[in-house]
Amino acid sequence: MDSHLERPSARFPEPDSERYYAYLRKRQLMYQVCTDCGTVVFYPRSHCTGCLGTRLRWLPSLGMGTIYSHTVLHRHGHPYFQQKLPYVLAFVDMDEGFRLLTKIVEATLETLTVGQRVSVHWLESGGDWLPAFRPLSTTPPEGGARDSPGSADDGLAGAYKCPHAARLAGGCASRQQLPRRHCIRCARPRRVAGATASAAGLDIIGLSGPR
Amino acid sequence: MRKAAIVGIAEFPERRVQDDISALNIKASSAQRALEDAGLGWGDVDALYDAGEAFSGMSPVMMAEYLQVNPRVIDGTAVGGSSYEFHAAHARRDIEAGRARVALLTYGSTAKRDRRAIGTGGRMTQGMPTPSGNIEDPWGLTLIANYALVARRHMHQYGTRPEDLAEIAVVTRRHAMRNPQAVKAMQDLGFRDVGNLSVRDVLHSPMISDPLHLLDCCMISDGGGAVVIASDEVARETRHRPVWILGSGEAVGYPDNKRDITVTAAARSGPEAFGQAGVRPEEIDVAMIYDSFTITVLASLEDLGFCAKGEGGAYVANGRLAFDIPGGPALNTDGGGLSSNHPGMRGIFLLIEAARQLRGESSAQVAEARLAVVHGNGGQLGTRHAGATVILGRD
């Protein structure tokens with residue numbers, strides 16, 4: 001039974017995605033190409049969507065792609081994902097020509113943009129490996145500046161933390177700061193996010209931590 | 001061609017029901033009132049359309065039994081919130097083909113009472129395993145996040161701003177404040193501030209899934225309604241001015257490896273519907289557009305041809321969509337899903353309010369309203385969704 005505290009996992013039998021997952025377990029991100037017409041087929045299927053052919057080849061992806069769109073989730077109804085908030089999901093256009101819904105880890109305000117180059121970053125999940133992605137050419141944040149617990153599965157490298165967390169007694173543990181003048185949890189005033197954040201239109205996503 | 005018309009409408013008055021009312025009760029009560037509104041009875045119904053929200057299977061059959069009607073046509077099209085626009089399109093088709101005279105559409109839901117977390121909920125891992133589900137579910141893509149991906153892409157591609165999306169919430173709330181049922185709904189559902197909104201209010205409401213704030217999202221309520229669509233000879237004998245179905249279009253949208261996700265199914269259903277009706281978007285007085293989220297409205301307005309693709313942000317500025325400001329259609333004059341009601345699949349209310357406008361009965365009445373567009377969007381805009389457009393007009 002699903003305890004709901006665990007990540008929802010793929011369910012089988014489901015023939016189209018079975019082999020895809022078998023590759024994932026070996027940390028291989030694979031996609032299909034029609035041997036008759038060359039159409040890239042993704043998600044996996046047993047038929048070509050470009051011609052009436054059925055001969056599909058599995059090819060390995062190099063694991064490089066570009067963010068097509070992204071969102072930072074701040075609310076979730078599922079207990080597993082709740083504990084991961086905030087985290088980033090994105091469509092990534094892979095260099096081989098398929099588009100994948102995935103999680104972006106280690107994103108910063110500068111790297112979480114449409115057009116950002118990303119590479120695969122494997123996440124373990126209940127014996128499976130899932131293809132998450134991380135921005136290329138990220139400078140890792142310095143030890144002290146990073147306020148996420150540091151799990152590789154954590155979505156945001158710079159999630160904004162309420163500035164009153166450490167400094168005041170009964171400190172606030174909120175890590176989901178919003179574009180307000182005060183913290184939604186402890187109602188104390190917050191510092192305003194940097195100007196670059198506003199310019200990028202990202203001041204509202206709660207990414208602009210003290211970095 | 002004026003052969004099928006909306007002749008009866010009913011909106012269930014409660015947005016927050018007690019334990020002694022089921023979705024089925026809401027459907028039946030609304031059906032009874034809509035037939036009464038038309039001056040018809042159960043025995044007149046010969047076509048039944050049902051999206052299956054109250055039964056787990058065989059829903060048109062179960063509904064026929066529950067109401068004890070004997071349809072010659074049944075249709076169980078279930079495509080989320082847009083189901084009722086599909087039903088209206090199908091009812092018109094069936095009536096024009098001479099297969100039916102009186103079509104009944106009903107909807108009922110107790111989503112609020114059942115505490116269904118529709119927008120942020122874990123709808124994952126239900127039903128049969130699917131290839132798309134197996135690939136997407138481990139990431140926990142919520143419904144709101146799905147729409148947020150469209151909004152973010154729209155912002156990147158066209159320079160759309162959060163302020164532009166907020167305009168849609170602002171004008172819709174303004175309309176809601178004129179609708180006593182919407183005001184009562186917001187009070188009953190515990191809205192913190194029941195009053196007009198500013199753009200700033202929207203931008204300062206909690207972020208749910210960037211770039212969508214709480215006030216970019218529809219509410220979750222209980223509720224339901226019913227619509228009766230009849231042939232021209234029946235319509236001319238009913239109590240109210242007939243609201244003719246002049247055109248309709250249907251389409252689906254789904255992910256592929258290259259699709260522009262800012263373009264919705266409306267880009268195909270809209271031109272079809274306008275073309276059939278022989279009407280242009282600039283002639284439209286009232287636009288009832290599914291407002292699950294502000295981005296749904298913005299993208300749909302563009303795809304329906306009210307402005308060029310990508311120019312929705314500029315188009316909705318300065319209250320252009322208000323019922324009393326000329327230069328654009330009045331948007332969601334009942335207060336929409338954002339501020340009046342959203343029990344999960346709101347499509348039927350779009351038809352009901354459009355009919356009110358063309359009868360001259362809206363609480364935000366557009367003077368001399370003659371033409372309305374109704375566009376339903378169901379499913380998830382960033383991935384798989386259905387869209388249907390219906391053009392309505394009065395004599």
# chains A, B, ... in the order shown; residues from 1 in each chain; ligands from 1
>>> residues_around(residues="region 45-58 of chain A", least_positions_apart="5", cutoff="6 Å", atoms="only C-alpha atoms", output="number ranges by chain")
A: 16, 31-35, 39
>>> residues_around(residues="Ile21 (chain B)", least_positions_apart="3", cutoff="12 Å", atoms="only C-alpha atoms", output="list in words")
Phe12, Glu14, Arg15, Arg16, Val17, Gln18, Leu24, Asn25, Ile26, Lys27, Ala28, Ser29, Gly108, Ser109, Thr110, Arg113, Asp114, Asp222, Gly223 and Gly224 of chain B
>>> residues_around(residues="region 164-174 of chain B", least_positions_apart="6", cutoff="10 Å", atoms="only C-alpha atoms", output="PyMOL selection string")
chain B and resi 151+155+182-183+194-203+211-213+215-218+291+293-298+312-323+330-340+364
>>> interface_residues(of="chain B", to="chain A", cutoff="7 Å", atoms="only C-alpha atoms", output="PyMOL selection string")
chain B and resi 117+120-122+125+129-132+134+136-140+145+148-149+152-153+156+204+206-211+257
>>> residues_around(residues="Ser82 (chain B)", least_positions_apart="5", cutoff="12 Å", atoms="only C-alpha atoms", output="ChimeraX atom specification")
/B:50-51,77,87-89,107,249-252,265-266,269,289-292,344-351,374-381,385-390
>>> select_by_dssp(residues="region 253-288 of chain B", states="strand (DSSP E or B)", output="NGL selection string")
:B and (253 or 286-288)
>>> write_last_selection(atoms="N, CA, C and O atoms", output="tab-separated table (two decimals), in the first residue's frame")
chain	number	residue	atom	x	y	z
B	253	GLY	N	-5.84	19.35	-26.88
B	253	GLY	CA	-4.43	19.73	-26.89
B	253	GLY	C	-3.68	18.73	-26.03
B	253	GLY	O	-4.19	18.27	-25.02
B	286	VAL	N	-20.25	39.48	-24.82
B	286	VAL	CA	-19.97	38.80	-23.55
B	286	VAL	C	-19.07	37.61	-23.81
B	286	VAL	O	-19.35	36.80	-24.71
B	287	ALA	N	-17.99	37.49	-23.05
B	287	ALA	CA	-17.08	36.36	-23.19
B	287	ALA	C	-17.07	35.57	-21.88
B	287	ALA	O	-16.58	36.05	-20.86
B	288	MET	N	-17.67	34.40	-21.92
B	288	MET	CA	-17.64	33.52	-20.77
B	288	MET	C	-16.53	32.50	-21.03
B	288	MET	O	-16.68	31.60	-21.85
